[in-house]
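In what follows, a single structure is set out as structure tokens and then discussed.
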Amino acid sequence: MSAFIEETTNRLLPRIVLIACGSFSPPTPMHLRMFEIAKDHFEINGTHKVVGGIVSPTHDGYGKKGLAAAKHRCAMIKLALQSSSWIRLSDWETQQDGWSRTKSVLQYHQNFMNNYINSPDVTATMSGYDCLPGWLPANLRVRKDPVQLKLLCGADMLESFGVPGLWSDADIEDIVAHHGLVVVTRSGANPEKFIFDSDVLTKYQRNITLVINWVPNDVSSTVIRRLLARGQSVKYLINDMVIEYIRQNGLFQCKTKYLSPPLEYNISNVLFLNQQYINAQNLSNEQILCDDDHHMVKTDLLLVKNLMHSNPLDNCRSSGILCCGDKHSLMNKQLEKTLNKNKPSAPGQAVQVIAAQSSAEFITTSVSPNDEINTKKCKVADV
């Protein structure tokens with residue numbers, strides 16, 4: 001009975017989606033950890049149901065020092081998010097003609113979700129799109145009640161509202177009044193005082209949720225870039241696949257000798273879901289496949305390739321491989337049958353797999369390696 005009551009209560013809770021805007025150059029664990037901290041806060045207090053998370057990197061036109069190209073930042077974010085089932089990348093901001101105000105970013109995503117939920121005909125609503133955008137949270141249409149988009153940020157962004165000339169008062173009021181803020185702050189900070197000192201924030205303080213992070217992490221993107229430029233190790237500070245991506249693309253003036261080679265996995269035990277960001281300009285005349293589970297947008301393609309050589313990125317630069325990860329158990333079973341049907345002719349031979357939209361059919365081609373199966377290289381997204 002208690003489980004039934006809890007489930008019923010969760011269904012009735014107001015639904016929210018969290019969105020974080022910023023540079024993410026490169027993305028750090030704390031960028032993503034904020035989502036988990038905020039979600040825990042709402043679940044523990046039983047006030048809202050968090051149904052999705054969105055990471056929206058800023059446009060190249062922002063011009064911030066140390067800002068890597070958008071295609072690289074999107075690729076690194078996808079790599080960092082591979083283990084998440086509910087946080088997704090939105091590249092909408094990076095695809096605009098120039099830098100977008102945070103207010104405009106929030107309005108676009110909120111309006112899209114509203115139209116998607118309320119439209120009786122999704123096909124008509126999505127006209128002009130080959131498929132739904134990849135950032136769209138799953139199962140939004142199971143309920144017809146509205147979903148509110150809230151801006152997720154740290155205390156530093158909250159305090160930046162007070163920097164003269166950085167934010168317009170109209171934008172601040174629109175963001176706080178119509179969307180709301182979820183501010184993750186550290187123990188000992190005093191965001192309440194900053195809110196009290198601001199007339200606008202005080203007026204809409206009911207829309208500001210303060211969440212204390214009791215396990216602080218001071219590793220910022222600035223620190224990562226500094227260590228890389230100094231030739232120092234960033235191992236265990238950011239995702240290993242993000243490190244490998246930085247190494248292979250020579251980002252952030254990296255000259256550290258501590259950047260490790262790609263990790264090795266046993267192909268029989270691990271199939272990684274590797275989402276590769278592809279520049280929209282290079283795909284205008286190509287057919288885009290859509291993964292029903294992730295509703296990938298036209299500029300999004302899920303790519304996985306079992307790589308055996310020392311430079312895995314070189315092996316997938318021109319490939320268009322759509323595959324599944326461990327989280328798609330049904331497809332994995334069918335993939336296993338396909339692998340058994342197409343057994344390698346030599347030890348260590350891998351199979352390249354393509355999964356089509358709304359289908360569990362697999363097209364396989366052999367890839368001849370030089371190493372044994374247990375030395376297969378970790379996949380890293382390439383742009």
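Chain labels follow the order of the structure tokens: the first chain is A, the next B, and so on; residue numbering restarts at 1 in every chain, and ligands are counted from 1 in their shown order.
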Need the shell around range 173-180 of chain A: protein/DNA/RNA residues with any atom at most 6 Å away, counting only C-alpha atoms. Skip same-chain ones fewer than 3 positions apart. Format as a VMD selection string?
chain A and resid 149 to 150 170 207 to 208
Just write the chosen residues, C-alpha atoms, as a short mmCIF file (atom, residue, chain, number, x, y, z; two decimals), in the first residue's frame.
data_model
loop_
_atom_site.label_atom_id
_atom_site.label_comp_id
_atom_site.auth_asym_id
_atom_site.auth_seq_id
_atom_site.Cartn_x
_atom_site.Cartn_y
_atom_site.Cartn_z
CA LEU A 149 12.08 24.47 -17.26
CA LYS A 150 14.37 25.72 -14.48
CA ALA A 170 14.64 42.64 -17.75
CA ASN A 207 10.99 30.71 -7.60
CA ILE A 208 14.57 30.28 -6.36
#
Run DSSP on the backbone and give me the residues of range 32-265 of chain A it puts in strand (DSSP E or B), as a PyMOL selection string.
chain A and resi 49-57+87-89+147-154+181-186+208-213+235+238+264-265
Give me the residues near range 182-195 of chain A as a VMD selection string, where near means some atom within 9 Å (using only C-alpha atoms) and where sequence neighbours in that chain fewer than 2 positions away do not count.
chain A and resid 18 34 37 to 38 150 to 159 162 180 197 to 202 205 207 to 216
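Using only C-alpha atoms, the nearest neighbour of Arg33 in chain A within the list A:Pro146, A:Asn115, A:Lys203, A:Asn217 is A:Asn217.
Distances here use only C-alpha atoms; by that measure, the residue among A:Ser85, A:Gln96, A:Ser23, A:Asn139 closest to Leu67 in chain A is A:Ser23.
Among the candidate residues A:Arg230, A:Lys235, A:Lys49, A:Arg101, the one lying nearest to Trp167 in chain A is A:Arg101, with distances computed using only C-alpha atoms.
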Filtered DSSP result for range 31-108 of chain A, state alpha helix (DSSP H), as a PyMOL selection string
chain A and resi 31-45+70-80+102-108
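In this model, the gap between CA of Asp60 in chain A and CA of Gln248 in chain A comes to 20.8 Å.
Of the residues under consideration (A:Phe24, A:Ser83, A:Glu43, A:Met30), A:Met30 shows the shortest atom-to-atom contact distance to Asp218 in chain A when counting only C-alpha atoms.
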Identify which of the residues A:Thr102, A:Gln95, A:Ser221, A:Ser168 lies closest to Ile19 in chain A, counting only C-alpha atoms when measuring atom-to-atom distances.
A:Thr102
What lies within 10 Å of Thr28 in chain A using only C-alpha atoms, ignoring chain neighbours under 4 positions off, as a PyMOL selection string?
chain A and resi 24+32-33+76-77+80+217+219-221+224+237-239+242
Pick out the residues sitting within 9 Å of Phe252 in chain A, and hand them over as a PDB file with N, CA and C atoms, in the first residue's frame; count only C-alpha atoms, and ignore anything fewer than 4 positions along from it in its own chain.
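The result, stored in around29.pdb:
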ATOM      1  N   SER A  25      34.071  23.960 -21.253  1.00  0.00           N
ATOM      2  CA  SER A  25      35.293  23.905 -22.056  1.00  0.00           C
ATOM      3  C   SER A  25      36.518  23.627 -21.181  1.00  0.00           C
ATOM      4  N   PRO A  26      36.725  22.355 -20.772  1.00  0.00           N
ATOM      5  CA  PRO A  26      35.918  21.168 -21.064  1.00  0.00           C
ATOM      6  C   PRO A  26      34.865  20.932 -19.978  1.00  0.00           C
ATOM      7  N   GLY A  66      39.768  30.624 -23.679  1.00  0.00           N
ATOM      8  CA  GLY A  66      39.832  29.183 -23.461  1.00  0.00           C
ATOM      9  C   GLY A  66      38.646  28.417 -24.003  1.00  0.00           C
ATOM     10  N   LEU A  67      37.803  29.086 -24.806  1.00  0.00           N
ATOM     11  CA  LEU A  67      36.611  28.442 -25.337  1.00  0.00           C
ATOM     12  C   LEU A  67      36.966  27.607 -26.564  1.00  0.00           C
ATOM     13  N   ALA A  68      36.823  26.293 -26.447  1.00  0.00           N
ATOM     14  CA  ALA A  68      37.073  25.407 -27.587  1.00  0.00           C
ATOM     15  C   ALA A  68      35.918  25.520 -28.573  1.00  0.00           C
ATOM     16  N   ARG A 225      42.202  23.375 -17.858  1.00  0.00           N
ATOM     17  CA  ARG A 225      42.967  23.972 -18.960  1.00  0.00           C
ATOM     18  C   ARG A 225      44.361  24.382 -18.497  1.00  0.00           C
ATOM     19  N   ARG A 226      44.459  24.899 -17.291  1.00  0.00           N
ATOM     20  CA  ARG A 226      45.760  25.327 -16.760  1.00  0.00           C
ATOM     21  C   ARG A 226      46.698  24.137 -16.589  1.00  0.00           C
ATOM     22  N   LEU A 228      46.581  21.238 -18.129  1.00  0.00           N
ATOM     23  CA  LEU A 228      46.943  20.704 -19.438  1.00  0.00           C
ATOM     24  C   LEU A 228      48.032  21.549 -20.091  1.00  0.00           C
ATOM     25  N   ALA A 229      47.891  22.865 -20.010  1.00  0.00           N
ATOM     26  CA  ALA A 229      48.877  23.756 -20.622  1.00  0.00           C
ATOM     27  C   ALA A 229      50.227  23.670 -19.923  1.00  0.00           C
ATOM     28  N   ILE A 246      40.579  15.129 -25.814  1.00  0.00           N
ATOM     29  CA  ILE A 246      41.436  16.325 -25.761  1.00  0.00           C
ATOM     30  C   ILE A 246      42.804  16.016 -26.351  1.00  0.00           C
TER      31      ILE A 246
END
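Here CA of Leu227 in chain A stands at a distance of 15.5 Å from CA of Lys65 in chain A.
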Pick out the residues sitting within 12 Å of Lys144 in chain A, and hand them over as a PyMOL selection string; count only C-alpha atoms, and ignore anything fewer than 4 positions along from it in its own chain.
chain A and resi 11-12+14-15+113-120+139-140
